[in-house]
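**Student:** Provided herewith: data15.pdb, PDB, C-alpha atoms.
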```pdb
MODEL        1
ATOM      1  CA  MET A   1    -170.828-113.375-165.952
ATOM      2  CA  LEU A   2    -170.362-109.986-167.654
ATOM      3  CA  VAL A   3    -168.366-108.956-170.703
ATOM      4  CA  ASP A   4    -164.963-107.479-169.752
ATOM      5  CA  ASN A   5    -165.122-103.773-168.926
ATOM      6  CA  TYR A   6    -161.882-102.530-167.359
ATOM      7  CA  THR A   7    -161.391 -99.220-165.584
ATOM      8  CA  LEU A   8    -158.123 -97.765-164.309
ATOM      9  CA  ASN A   9    -158.456 -95.288-161.457
ATOM     10  CA  LEU A  10    -155.873 -93.055-159.841
ATOM     11  CA  ILE A  11    -156.601 -92.343-156.172
ATOM     12  CA  ARG A  12    -155.046 -89.290-154.524
ATOM     13  CA  ASP A  13    -156.103 -87.541-151.313
ATOM     14  CA  SER A  14    -159.356 -89.559-151.271
ATOM     15  CA  LEU A  15    -160.181 -88.294-154.780
ATOM     16  CA  VAL A  16    -160.707 -90.796-157.594
ATOM     17  CA  PHE A  17    -159.708 -89.988-161.171
ATOM     18  CA  ASP A  18    -160.782 -92.317-163.976
ATOM     19  CA  ILE A  19    -157.811 -92.405-166.353
ATOM     20  CA  THR A  20    -159.178 -95.256-168.477
ATOM     21  CA  PRO A  21    -159.929 -93.039-171.520
ATOM     22  CA  LEU A  22    -156.297 -91.862-171.593
ATOM     23  CA  SER A  23    -154.676 -95.226-170.984
ATOM     24  CA  GLU A  24    -153.321 -97.144-173.929
ATOM     25  CA  GLU A  25    -152.567-100.882-173.834
ATOM     26  CA  LEU A  26    -152.823-102.307-170.304
ATOM     27  CA  THR A  27    -150.563-105.181-169.279
ATOM     28  CA  TRP A  28    -150.499-106.918-165.906
ATOM     29  CA  LYS A  29    -148.343-109.907-165.063
ATOM     30  CA  ASP A  30    -147.010-112.068-162.267
ATOM     31  CA  SER A  31    -144.807-115.126-161.765
ATOM     32  CA  ILE A  32    -144.307-117.835-159.158
ATOM     33  CA  ASP A  33    -140.608-116.870-159.120
ATOM     34  CA  THR A  34    -141.204-113.241-158.161
ATOM     35  CA  LEU A  35    -143.220-111.581-155.445
ATOM     36  CA  GLY A  36    -146.099-109.354-156.488
ATOM     37  CA  MET A  37    -147.975-108.319-159.609
ATOM     38  CA  GLU A  38    -146.822-105.685-162.093
ATOM     39  CA  LEU A  39    -149.042-103.322-164.086
ATOM     40  CA  ASP A  40    -147.712-101.504-167.189
ATOM     41  CA  PHE A  41    -149.510 -98.834-169.194
ATOM     42  CA  SER A  42    -148.939 -95.589-171.040
ATOM     43  CA  ILE A  43    -150.733 -92.258-171.165
ATOM     44  CA  ALA A  44    -151.001 -90.064-174.256
ATOM     45  CA  TYR A  45    -150.617 -86.474-173.042
ATOM     46  CA  ASN A  46    -152.313 -84.892-176.045
ATOM     47  CA  ASP A  47    -155.433 -83.428-174.451
ATOM     48  CA  ALA A  48    -154.783 -80.429-172.183
ATOM     49  CA  ARG A  49    -158.198 -80.807-170.533
ATOM     50  CA  PHE A  50    -157.033 -83.872-168.616
ATOM     51  CA  ILE A  51    -153.389 -83.109-167.821
ATOM     52  CA  PRO A  52    -153.921 -81.028-164.647
ATOM     53  CA  LYS A  53    -156.229 -83.680-163.193
ATOM     54  CA  VAL A  54    -154.220 -86.815-163.938
ATOM     55  CA  ASN A  55    -150.606 -85.784-163.734
ATOM     56  CA  ILE A  56    -149.448 -89.201-162.477
ATOM     57  CA  ASP A  57    -146.607 -89.144-159.974
ATOM     58  CA  LEU A  58    -144.349 -91.782-158.428
ATOM     59  CA  GLY A  59    -146.003 -93.290-155.370
ATOM     60  CA  ASP A  60    -149.545 -92.678-156.619
ATOM     61  CA  LEU A  61    -152.140 -95.367-155.919
ATOM     62  CA  LEU A  62    -153.720 -97.139-158.902
ATOM     63  CA  VAL A  63    -156.642 -99.555-158.951
ATOM     64  CA  LEU A  64    -157.527-101.668-161.996
ATOM     65  CA  SER A  65    -161.045-103.123-161.918
ATOM     66  CA  ASN A  66    -163.213-105.210-164.208
ATOM     67  CA  ASN A  67    -166.926-104.542-163.855
ATOM     68  CA  ALA A  68    -166.187-103.016-160.424
ATOM     69  CA  ILE A  69    -164.280-106.148-159.244
ATOM     70  CA  GLU A  70    -160.724-105.279-158.278
ATOM     71  CA  VAL A  71    -157.963-106.927-160.322
ATOM     72  CA  PHE A  72    -154.913-104.922-159.219
ATOM     73  CA  ARG A  73    -154.077-102.402-156.509
ATOM     74  CA  GLY A  74    -150.612-100.888-156.269
ATOM     75  CA  ILE A  75    -148.312 -97.908-156.488
ATOM     76  CA  VAL A  76    -146.459 -96.266-159.362
ATOM     77  CA  VAL A  77    -142.729 -97.029-159.087
ATOM     78  CA  ASP A  78    -141.394 -96.095-162.522
ATOM     79  CA  GLU A  79    -142.061 -93.381-165.120
ATOM     80  CA  THR A  80    -140.612 -93.046-168.621
ATOM     81  CA  ILE A  81    -141.141 -89.833-170.606
ATOM     82  CA  ASP A  82    -141.075 -90.450-174.343
ATOM     83  CA  GLY A  83    -141.081 -87.083-176.060
ATOM     84  CA  ARG A  84    -143.648 -84.452-175.123
ATOM     85  CA  PHE A  85    -146.855 -86.415-175.490
ATOM     86  CA  LYS A  86    -146.348 -89.919-174.141
ATOM     87  CA  ARG A  87    -145.456 -91.269-170.720
ATOM     88  CA  SER A  88    -145.185 -94.911-169.674
ATOM     89  CA  TYR A  89    -145.653 -96.192-166.155
ATOM     90  CA  VAL A  90    -144.906 -99.298-164.124
ATOM     91  CA  ALA A  91    -146.807-100.061-160.921
ATOM     92  CA  PHE A  92    -146.372-102.881-158.400
ATOM     93  CA  ASP A  93    -148.821-104.223-155.854
ATOM     94  CA  PHE A  94    -147.997-103.859-152.168
ATOM     95  CA  ALA A  95    -145.830-106.989-152.110
ATOM     96  CA  PHE A  96    -143.267-104.480-153.437
ATOM     97  CA  TYR A  97    -142.607-103.424-149.833
ATOM     98  CA  LEU A  98    -141.779-106.962-148.678
ATOM     99  CA  ASN A  99    -138.518-106.700-150.623
ATOM    100  CA  LYS A 100    -137.664-103.227-149.332
ATOM    101  CA  SER A 101    -137.394-103.697-145.567
ATOM    102  CA  LYS A 102    -134.836-105.807-143.669
ATOM    103  CA  THR A 103    -135.154-106.958-140.081
ATOM    104  CA  ILE A 104    -133.752-109.144-137.305
ATOM    105  CA  ILE A 105    -136.194-111.653-135.874
ATOM    106  CA  GLN A 106    -136.057-114.944-133.948
ATOM    107  CA  PHE A 107    -138.532-117.812-133.923
ATOM    108  CA  ASN A 108    -138.406-120.601-131.367
ATOM    109  CA  LYS A 109    -140.542-123.613-132.287
ATOM    110  CA  MET A 110    -143.219-121.373-133.738
ATOM    111  CA  LYS A 111    -145.621-122.741-136.348
ATOM    112  CA  ALA A 112    -144.746-121.437-139.803
ATOM    113  CA  ASP A 113    -148.074-119.675-140.360
ATOM    114  CA  GLU A 114    -147.816-117.952-136.968
ATOM    115  CA  ALA A 115    -144.250-116.872-137.742
ATOM    116  CA  ILE A 116    -145.377-115.273-140.995
ATOM    117  CA  LYS A 117    -148.296-113.578-139.255
ATOM    118  CA  LYS A 118    -145.869-112.184-136.681
ATOM    119  CA  LEU A 119    -143.781-110.715-139.506
ATOM    120  CA  CYS A 120    -146.850-109.188-141.161
ATOM    121  CA  ASN A 121    -148.036-107.626-137.908
ATOM    122  CA  GLN A 122    -144.580-106.229-137.186
ATOM    123  CA  PHE A 123    -144.562-104.405-140.535
ATOM    124  CA  ASN A 124    -148.284-103.514-140.655
ATOM    125  CA  ILE A 125    -149.015-105.786-143.621
ATOM    126  CA  PRO A 126    -152.793-106.384-143.840
ATOM    127  CA  ILE A 127    -153.559-110.117-143.772
ATOM    128  CA  GLY A 128    -156.293-111.738-145.834
ATOM    129  CA  THR A 129    -155.844-115.406-144.975
ATOM    130  CA  ILE A 130    -152.789-117.545-144.310
ATOM    131  CA  CYS A 131    -153.440-121.273-144.475
ATOM    132  CA  PRO A 132    -152.378-123.458-141.526
ATOM    133  CA  ILE A 133    -148.703-124.507-141.827
ATOM    134  CA  PRO A 134    -147.742-126.771-138.888
ATOM    135  CA  THR A 135    -143.974-126.889-139.550
ATOM    136  CA  LEU A 136    -142.110-125.592-136.501
ATOM    137  CA  ILE A 137    -139.617-122.806-137.194
ATOM    138  CA  THR A 138    -136.567-122.343-134.954
ATOM    139  CA  LYS A 139    -134.184-119.854-136.467
ATOM    140  CA  ILE A 140    -132.647-116.404-136.096
ATOM    141  CA  TYR A 141    -132.843-114.210-139.201
ATOM    142  CA  LYS A 142    -130.376-111.343-139.487
ATOM    143  CA  ASP A 143    -130.203-108.680-142.179
ATOM    144  CA  LYS A 144    -132.835-110.396-144.327
ATOM    145  CA  THR A 145    -135.778-108.846-146.138
ATOM    146  CA  ILE A 146    -139.304-109.796-145.139
ATOM    147  CA  ALA A 147    -139.674-111.573-148.478
ATOM    148  CA  GLU A 148    -136.477-113.606-147.944
ATOM    149  CA  ILE A 149    -137.571-114.677-144.464
ATOM    150  CA  MET A 150    -141.006-115.745-145.687
ATOM    151  CA  GLU A 151    -139.453-117.669-148.569
ATOM    152  CA  ASP A 152    -137.110-119.554-146.224
ATOM    153  CA  ILE A 153    -139.972-120.415-143.863
ATOM    154  CA  LEU A 154    -142.076-121.766-146.725
ATOM    155  CA  GLU A 155    -139.145-123.755-148.124
ATOM    156  CA  GLN A 156    -138.741-125.469-144.745
ATOM    157  CA  ALA A 157    -142.457-126.260-144.723
ATOM    158  CA  THR A 158    -142.374-127.642-148.266
ATOM    159  CA  LYS A 159    -139.475-129.958-147.413
ATOM    160  CA  GLU A 160    -141.364-131.375-144.455
ATOM    161  CA  LEU A 161    -144.917-131.417-145.810
ATOM    162  CA  GLY A 162    -144.297-132.172-149.476
ATOM    163  CA  TYR A 163    -146.414-129.430-150.997
ATOM    164  CA  LYS A 164    -145.772-125.856-152.096
ATOM    165  CA  PHE A 165    -147.349-122.554-151.158
ATOM    166  CA  ARG A 166    -148.340-119.429-153.052
ATOM    167  CA  LYS A 167    -147.964-116.009-151.453
ATOM    168  CA  GLU A 168    -149.577-112.968-153.077
ATOM    169  CA  MET A 169    -151.474-109.727-152.565
ATOM    170  CA  ARG A 170    -155.188-109.436-153.370
ATOM    171  CA  ALA A 171    -157.049-106.158-152.977
ATOM    172  CA  GLY A 172    -154.282-104.838-150.742
ATOM    173  CA  LYS A 173    -154.170-107.849-148.394
ATOM    174  CA  PHE A 174    -151.626-110.661-148.044
ATOM    175  CA  TYR A 175    -152.592-114.290-148.683
ATOM    176  CA  ILE A 176    -150.825-117.646-148.498
ATOM    177  CA  ASP A 177    -152.484-120.763-149.932
ATOM    178  CA  LYS A 178    -151.430-124.267-150.850
ATOM    179  CA  TYR A 179    -151.019-124.601-154.614
ATOM    180  CA  THR A 180    -153.402-127.556-154.588
ATOM    181  CA  ASP A 181    -156.175-125.269-153.301
ATOM    182  CA  LEU A 182    -155.841-122.883-156.255
ATOM    183  CA  VAL A 183    -157.538-124.862-159.030
ATOM    184  CA  VAL A 184    -159.519-122.483-161.255
ATOM    185  CA  LYS A 185    -161.389-122.406-164.547
ATOM    186  CA  GLY A 186    -160.685-119.464-166.816
ATOM    187  CA  LEU A 187    -163.875-118.179-168.433
ATOM    188  CA  PHE A 188    -164.288-115.642-171.228
ATOM    189  CA  LYS A 189    -167.529-114.038-172.334
ATOM    190  CA  PRO A 190    -167.204-112.624-175.879
ATOM    191  CA  ALA A 191    -170.542-110.762-175.927
ATOM    192  CA  SER A 192    -173.572-110.165-173.742
ATOM    193  CA  ASN A 193    -175.681-112.556-175.827
ATOM    194  CA  ILE A 194    -173.047-115.339-175.978
ATOM    195  CA  GLN A 195    -172.419-117.790-173.160
ATOM    196  CA  ALA A 196    -169.029-117.725-171.407
ATOM    197  CA  PHE A 197    -166.666-120.576-172.269
ATOM    198  CA  ASP A 198    -163.498-122.175-170.859
ATOM    199  CA  VAL A 199    -160.498-120.397-172.424
ATOM    200  CA  THR A 200    -158.434-123.601-172.476
ATOM    201  CA  LYS A 201    -160.895-125.039-175.008
ATOM    202  CA  ALA A 202    -159.786-122.423-177.560
ATOM    203  CA  ILE A 203    -155.983-122.255-177.306
ATOM    204  CA  GLU A 204    -154.609-119.876-179.948
ATOM    205  CA  LYS A 205    -150.925-120.789-179.733
ATOM    206  CA  VAL A 206    -149.080-123.599-177.964
ATOM    207  CA  ASN A 207    -145.411-124.571-177.710
ATOM    208  CA  ARG A 208    -144.283-127.633-175.761
ATOM    209  CA  LYS A 209    -140.820-129.015-174.939
ATOM    210  CA  ARG A 210    -140.009-132.087-172.795
ATOM    211  CA  ASN A 211    -136.717-133.301-171.304
ATOM    212  CA  ILE A 212    -135.187-135.421-168.523
ATOM    213  CA  SER A 213    -132.090-133.248-168.012
ATOM    214  CA  ASP A 214    -132.955-132.333-164.419
ATOM    215  CA  MET A 215    -134.635-135.586-163.402
ATOM    216  CA  LYS A 216    -133.504-137.256-160.155
ATOM    217  CA  ASN A 217    -134.770-140.768-159.460
ATOM    218  CA  SER A 218    -132.698-141.485-156.347
ATOM    219  CA  ILE A 219    -132.381-139.233-153.299
ATOM    220  CA  LEU A 220    -129.902-139.550-150.423
ATOM    221  CA  ILE A 221    -130.357-137.523-147.251
ATOM    222  CA  VAL A 222    -127.136-137.117-145.267
ATOM    223  CA  SER A 223    -126.114-135.464-142.009
ATOM    224  CA  GLY A 224    -122.786-134.481-140.505
ATOM    225  CA  ASP A 225    -119.855-132.739-142.163
ATOM    226  CA  GLU A 226    -117.007-133.566-144.563
ATOM    227  CA  LYS A 227    -115.171-135.570-141.889
ATOM    228  CA  SER A 228    -118.152-137.615-140.723
ATOM    229  CA  ALA A 229    -121.113-137.842-143.103
ATOM    230  CA  ARG A 230    -123.897-140.348-142.519
ATOM    231  CA  ILE A 231    -126.783-141.448-144.741
ATOM    232  CA  GLU A 232    -130.023-140.824-142.836
ATOM    233  CA  ALA A 233    -132.526-141.854-145.509
ATOM    234  CA  LYS A 234    -132.834-142.968-149.115
ATOM    235  CA  ALA A 235    -135.702-142.922-151.578
ATOM    236  CA  GLU A 236    -135.602-144.159-155.169
ATOM    237  CA  ASP A 237    -137.824-145.208-158.055
ATOM    238  CA  SER A 238    -136.560-148.520-159.462
ATOM    239  CA  SER A 239    -138.778-148.402-162.555
ATOM    240  CA  SER A 240    -137.528-144.916-163.435
ATOM    241  CA  ILE A 241    -133.925-146.012-162.907
ATOM    242  CA  ALA A 242    -134.485-149.018-165.195
ATOM    243  CA  LYS A 243    -135.904-146.833-167.945
ATOM    244  CA  TYR A 244    -133.802-143.659-167.757
ATOM    245  CA  GLY A 245    -130.696-144.727-165.797
ATOM    246  CA  LEU A 246    -129.603-143.742-162.310
ATOM    247  CA  MET A 247    -129.694-140.003-161.619
ATOM    248  CA  GLN A 248    -129.034-139.393-157.929
ATOM    249  CA  ASP A 249    -129.132-136.290-155.769
ATOM    250  CA  VAL A 250    -127.687-135.807-152.275
ATOM    251  CA  GLU A 251    -129.150-133.363-149.790
ATOM    252  CA  SER A 252    -127.747-132.458-146.381
ATOM    253  CA  VAL A 253    -129.926-131.844-143.344
ATOM    254  CA  ASP A 254    -129.239-130.165-140.021
ATOM    255  CA  SER A 255    -129.299-132.213-136.851
ATOM    256  CA  LYS A 256    -132.717-130.791-135.954
ATOM    257  CA  ASP A 257    -134.171-132.222-139.183
ATOM    258  CA  ILE A 258    -132.786-135.762-138.928
ATOM    259  CA  ALA A 259    -136.102-137.083-137.591
ATOM    260  CA  GLN A 260    -137.735-135.865-140.803
ATOM    261  CA  ALA A 261    -135.060-137.346-143.114
ATOM    262  CA  ARG A 262    -137.224-140.143-144.529
ATOM    263  CA  ASN A 263    -140.082-137.758-145.191
ATOM    264  CA  ILE A 264    -137.747-135.220-146.813
ATOM    265  CA  ALA A 265    -136.289-137.915-149.100
ATOM    266  CA  LYS A 266    -139.759-139.076-150.145
ATOM    267  CA  ASN A 267    -140.959-135.529-150.870
ATOM    268  CA  LYS A 268    -137.771-134.614-152.751
ATOM    269  CA  LEU A 269    -138.070-137.716-154.931
ATOM    270  CA  GLU A 270    -141.670-136.865-155.742
ATOM    271  CA  GLU A 271    -140.608-133.346-156.713
ATOM    272  CA  LEU A 272    -137.638-134.269-158.935
ATOM    273  CA  ASN A 273    -138.513-137.694-160.371
ATOM    274  CA  LYS A 274    -140.417-136.471-163.401
ATOM    275  CA  ILE A 275    -140.106-135.416-167.008
ATOM    276  CA  ALA A 276    -139.680-131.663-167.189
ATOM    277  CA  GLU A 277    -142.016-129.773-169.496
ATOM    278  CA  ASP A 278    -141.615-126.249-170.806
ATOM    279  CA  THR A 279    -144.962-125.283-172.267
ATOM    280  CA  SER A 280    -146.374-121.914-173.260
ATOM    281  CA  ILE A 281    -149.894-121.124-174.448
ATOM    282  CA  GLU A 282    -151.845-118.071-175.563
ATOM    283  CA  VAL A 283    -155.581-117.816-174.925
ATOM    284  CA  LEU A 284    -158.326-115.276-174.399
ATOM    285  CA  GLY A 285    -158.120-113.583-171.013
ATOM    286  CA  SER A 286    -159.731-114.407-167.681
ATOM    287  CA  ASP A 287    -159.182-112.590-164.381
ATOM    288  CA  GLU A 288    -159.409-115.926-162.555
ATOM    289  CA  VAL A 289    -156.052-116.933-164.035
ATOM    290  CA  ARG A 290    -152.769-115.701-162.589
ATOM    291  CA  ALA A 291    -149.461-117.230-161.512
ATOM    292  CA  GLY A 292    -149.832-120.029-158.995
ATOM    293  CA  ARG A 293    -153.211-121.190-160.272
ATOM    294  CA  ILE A 294    -153.870-124.699-161.601
ATOM    295  CA  LEU A 295    -155.805-125.275-164.819
ATOM    296  CA  GLU A 296    -157.340-128.418-166.259
ATOM    297  CA  ILE A 297    -156.146-128.592-169.889
ATOM    298  CA  THR A 298    -156.722-131.038-172.728
ATOM    299  CA  GLU A 299    -155.019-130.218-176.032
ATOM    300  CA  PRO A 300    -154.923-133.246-178.384
ATOM    301  CA  VAL A 301    -152.379-131.996-180.936
ATOM    302  CA  THR A 302    -149.528-131.467-178.458
ATOM    303  CA  GLY A 303    -150.711-134.061-175.943
ATOM    304  CA  LEU A 304    -151.418-131.670-173.090
ATOM    305  CA  SER A 305    -153.698-133.482-170.684
ATOM    306  CA  GLY A 306    -154.326-133.032-166.975
ATOM    307  CA  ARG A 307    -153.582-130.364-164.417
ATOM    308  CA  TYR A 308    -151.069-127.609-165.118
ATOM    309  CA  LEU A 309    -149.548-125.025-162.790
ATOM    310  CA  VAL A 310    -149.407-121.485-164.192
ATOM    311  CA  LYS A 311    -145.758-120.492-163.682
ATOM    312  CA  ASP A 312    -146.219-116.990-165.041
ATOM    313  CA  CYS A 313    -149.072-115.141-166.689
ATOM    314  CA  THR A 314    -149.223-111.929-168.722
ATOM    315  CA  HIS A 315    -152.578-110.270-169.394
ATOM    316  CA  THR A 316    -153.064-107.644-172.099
ATOM    317  CA  TYR A 317    -156.105-105.482-172.717
ATOM    318  CA  LYS A 318    -156.091-103.507-175.941
ATOM    319  CA  ASP A 319    -158.859-102.335-178.244
ATOM    320  CA  MET A 320    -161.430-103.948-175.907
ATOM    321  CA  VAL A 321    -159.830-107.392-176.322
ATOM    322  CA  HIS A 322    -158.452-109.293-173.322
ATOM    323  CA  LYS A 323    -155.774-111.941-173.970
ATOM    324  CA  MET A 324    -153.180-113.730-171.891
ATOM    325  CA  SER A 325    -150.007-115.730-172.405
ATOM    326  CA  MET A 326    -148.791-118.305-169.885
ATOM    327  CA  ASN A 327    -145.939-120.653-169.148
ATOM    328  CA  ILE A 328    -147.345-123.783-167.530
ATOM    329  CA  GLU A 329    -146.008-126.912-165.852
ATOM    330  CA  LYS A 330    -147.598-130.357-165.489
ATOM    331  CA  VAL A 331    -148.495-131.278-161.905
ATOM    332  CA  SER A 332    -149.631-134.519-160.351
ATOM    333  CA  ASN A 333    -153.356-135.174-160.567
TER     334      ASN A 333
ENDMDL
END
```
Now, as a test, write the supplied structure out as structure tokens.
**Tutor:**
Amino acid sequence: MLVDNYTLNLIRDSLVFDITPLSEELTWKDSIDTLGMELDFSIAYNDARFIPKVNIDLGDLLVLSNNAIEVFRGIVVDETIDGRFKRSYVAFDFAFYLNKSKTIIQFNKMKADEAIKKLCNQFNIPIGTICPIPTLITKIYKDKTIAEIMEDILEQATKELGYKFRKEMRAGKFYIDKYTDLVVKGLFKPASNIQAFDVTKAIEKVNRKRNISDMKNSILIVSGDEKSARIEAKAEDSSSIAKYGLMQDVESVDSKDIAQARNIAKNKLEELNKIAEDTSIEVLGSDEVRAGRILEITEPVTGLSGRYLVKDCTHTYKDMVHKMSMNIEKVSN
């Protein structure tokens, strides 16, 4: 493993301009609640030798790399001019386009992964890998963005299968993976003569809150309408009810999903029958860590122990120091 060495290149008409020396603090971030990664940086326009070469424009392609390994690829979508000598920019990876185009499309008993591939091919979205998702999709989508359609397909799959999926762009290609397949170890190498270490072993700041406000320990699955509703399945945790009291949720299913009612109830109970944690940590940076990844963490003071899902992650690189802040959530081992 090498010591961090980031470069930011602007690519225009097949020409590559290294704008790293002009770039001030670099920040890149993503979240499981949003689609795509965002890169923020500013340029100090105080050296006339560089201005004609690197006059950044909206729509320009940027590539951030670390020791020649790509970290971010995207386009400039926002520019802020602050006086005469400073300009700030925001770039998004190509998932940006998934929110910009609407379509009409119909699926008839098509596997979820094949449905998503069909969408990608229709809109010329390069595919990396999309994991197998056997849930059958039968639905007509009208006036929905590509991102909204994909999200609905994955929600249907999660209800049936009981696990969640992460969709993201990497090096300009689209990937979908199960969260459980995205366990990583964040490593940081402080100097060429010092061995890399796990960043979670040196947490700089940590804040942890726990609550049962949104817990549900009993789930009812019902079908029908207001005039004729019928309970199709029930799942509950008697020990949780004895300790915390009954907290019940009711979810309606369409007629086509009745056969899956028991499975849906079981998966919903597993999702909601838990103590909610709101935890944030700050550590040294690692490119392996981004939203949707799972980290093994042990922090004795606050009691963090086990596997944690990275809900959002913000990387900063300033004065040759790479740090990151994360919001994390406990997941089942």
**Student:** So the first atom is atom CA of A:Asp152 and the second is atom CA of A:Glu168; what is the distance between them in Å, to one decimal place?
**Tutor:**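 Result for atom CA of A:Asp152 versus atom CA of A:Glu168: 15.7 Å, one decimal.
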**Student:** Exactly which residues make up the result of the PyMOL selection byres ((chain A and resi 319) around 10) on this file, given as a PDB file with C-alpha atoms, keeping the file's coordinate frame?
**Tutor:**
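File written: selection_23.pdb
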```
ATOM      1  CA  GLU A  24    -153.321 -97.144-173.929  1.00  0.00           C
ATOM      2  CA  GLU A  25    -152.567-100.882-173.834  1.00  0.00           C
ATOM      3  CA  LEU A  26    -152.823-102.307-170.304  1.00  0.00           C
ATOM      4  CA  THR A 316    -153.064-107.644-172.099  1.00  0.00           C
ATOM      5  CA  TYR A 317    -156.105-105.482-172.717  1.00  0.00           C
ATOM      6  CA  LYS A 318    -156.091-103.507-175.941  1.00  0.00           C
ATOM      7  CA  MET A 320    -161.430-103.948-175.907  1.00  0.00           C
ATOM      8  CA  VAL A 321    -159.830-107.392-176.322  1.00  0.00           C
ATOM      9  CA  HIS A 322    -158.452-109.293-173.322  1.00  0.00           C
TER      10      HIS A 322
END
```
**Student:** For the file shown, what are the residues hit by the PyMOL selection byres ((chain A and resi 297) around 8), laid out as a PyMOL selection string?
**Tutor:** chain A and resi 200-201+295-296+298-299+304-308
**Student:** Run the PyMOL selection byres ((chain A and resi 126) around 7) against the file shown and list the residues it catches, as a PyMOL selection string.
**Tutor:** chain A and resi 124-125+127-128+173-174
**Student:** In Å, how far is it from atom CA of A:Leu22 to atom CA of A:Gly59?
**Tutor:**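 Distance reported for this atom pair: 19.3 Å.
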**Student:** In Å, how far is it from atom CA of A:Leu64 to atom CA of A:Ala95?
**Tutor:**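 So the answer is 16.2 Å.
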**Student:** If we count all atoms listed in the file and set the cut-off at 9 Å, which residues sit around A:Thr7, ignoring sequence neighbours fewer than 2 positions away in its own chain? Please answer as a ChimeraX atom specification.
**Tutor:** /A:5,9,18-21,63-68
**Student:** Identify which of the residues A:Val184, A:Ala191, A:Leu309, A:Ile105 lies closest to A:Val289, counting all atoms listed in the file when measuring atom-to-atom distances.
**Tutor:**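 Closest to A:Val289, using all atoms listed in the file: A:Val184.
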**Student:** With distances taken over all atoms listed in the file, which of A:Lys205, A:Lys323, A:Lys167, A:Lys274 is nearest to A:Asp30?
**Tutor:** A:Lys167
**Student:** Show me, as a ChimeraX atom specification, the residues that have an atom within 12 Å of A:Ala259 when counting all atoms listed in the file, minus same-chain residues fewer than 3 positions from it.
**Tutor:** /A:160,221-223,232-233,253-256,262-265
**Student:** Please produce an output containing C-alpha atoms for each residue in the selection, written as a CSV table (one decimal), in the coordinates of the input.
**Tutor:**
```
chain,number,residue,atom,x,y,z
A,160,GLU,CA,-141.4,-131.4,-144.5
A,221,ILE,CA,-130.4,-137.5,-147.3
A,222,VAL,CA,-127.1,-137.1,-145.3
A,223,SER,CA,-126.1,-135.5,-142.0
A,232,GLU,CA,-130.0,-140.8,-142.8
A,233,ALA,CA,-132.5,-141.9,-145.5
A,253,VAL,CA,-129.9,-131.8,-143.3
A,254,ASP,CA,-129.2,-130.2,-140.0
A,255,SER,CA,-129.3,-132.2,-136.9
A,256,LYS,CA,-132.7,-130.8,-136.0
A,262,ARG,CA,-137.2,-140.1,-144.5
A,263,ASN,CA,-140.1,-137.8,-145.2
A,264,ILE,CA,-137.7,-135.2,-146.8
A,265,ALA,CA,-136.3,-137.9,-149.1
```
**Student:** For stretch 272-283 of chain A, I'd like the enclosing box, axis-aligned and padded by 4 Å on every side, reported as AutoDock Vina command-line options with centre and edge lengths in Å to one decimal.
**Tutor:**
```
--center_x -146.6 --center_y -127.8 --center_z -167.2 --size_x 25.9 --size_y 27.9 --size_z 24.6
```
**Student:** Could you check the closest approach to A:Thr138 for each of A:Ala291, A:Ala112, A:Ile75, A:Ile219 and tell me which residue wins, using only C-alpha atoms?
**Tutor:**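 Closest to A:Thr138, using only C-alpha atoms: A:Ala112.
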**Student:** Pick from A:Asn217, A:Thr314, A:Thr145, A:Ala276: nearest to A:Ala242, with all atoms listed in the file counted?
**Tutor:**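 Ranking A:Asn217, A:Thr314, A:Thr145, A:Ala276 by distance to A:Ala242, first place goes to A:Asn217.
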**Student:** If you count all atoms listed in the file, which residues fall within 7 Å of A:Val206, apart from same-chain ones fewer than 4 positions away, as a ChimeraX atom specification?
**Tutor:** /A:280-282
**Student:** Which of these residues is nearest to A:Ser286, using all atoms listed in the file: A:Leu2, A:Leu161, A:Leu187, A:Ala196?
**Tutor:**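 The closest residue to A:Ser286 is A:Leu187.
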**Student:** So that I can check the surroundings of A:Lys109, please list as a list in words every protein, DNA and RNA residue that reaches within 9 Å of it, counting all atoms listed in the file and ignoring chain neighbours fewer than 5 positions away.
**Tutor:**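 Near neighbours after the sequence-gap exclusion: Thr135, Leu136, Ile137, Thr138 and Lys139 of chain A.
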**Student:** Pick the closest to A:Ala147 from A:Ser228, A:Asn273, A:Asn99, A:Thr180: which is it, counting all atoms listed in the file?
**Tutor:**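 Going through A:Ser228, A:Asn273, A:Asn99, A:Thr180 one by one, the smallest distance to A:Ala147 is for A:Asn99.
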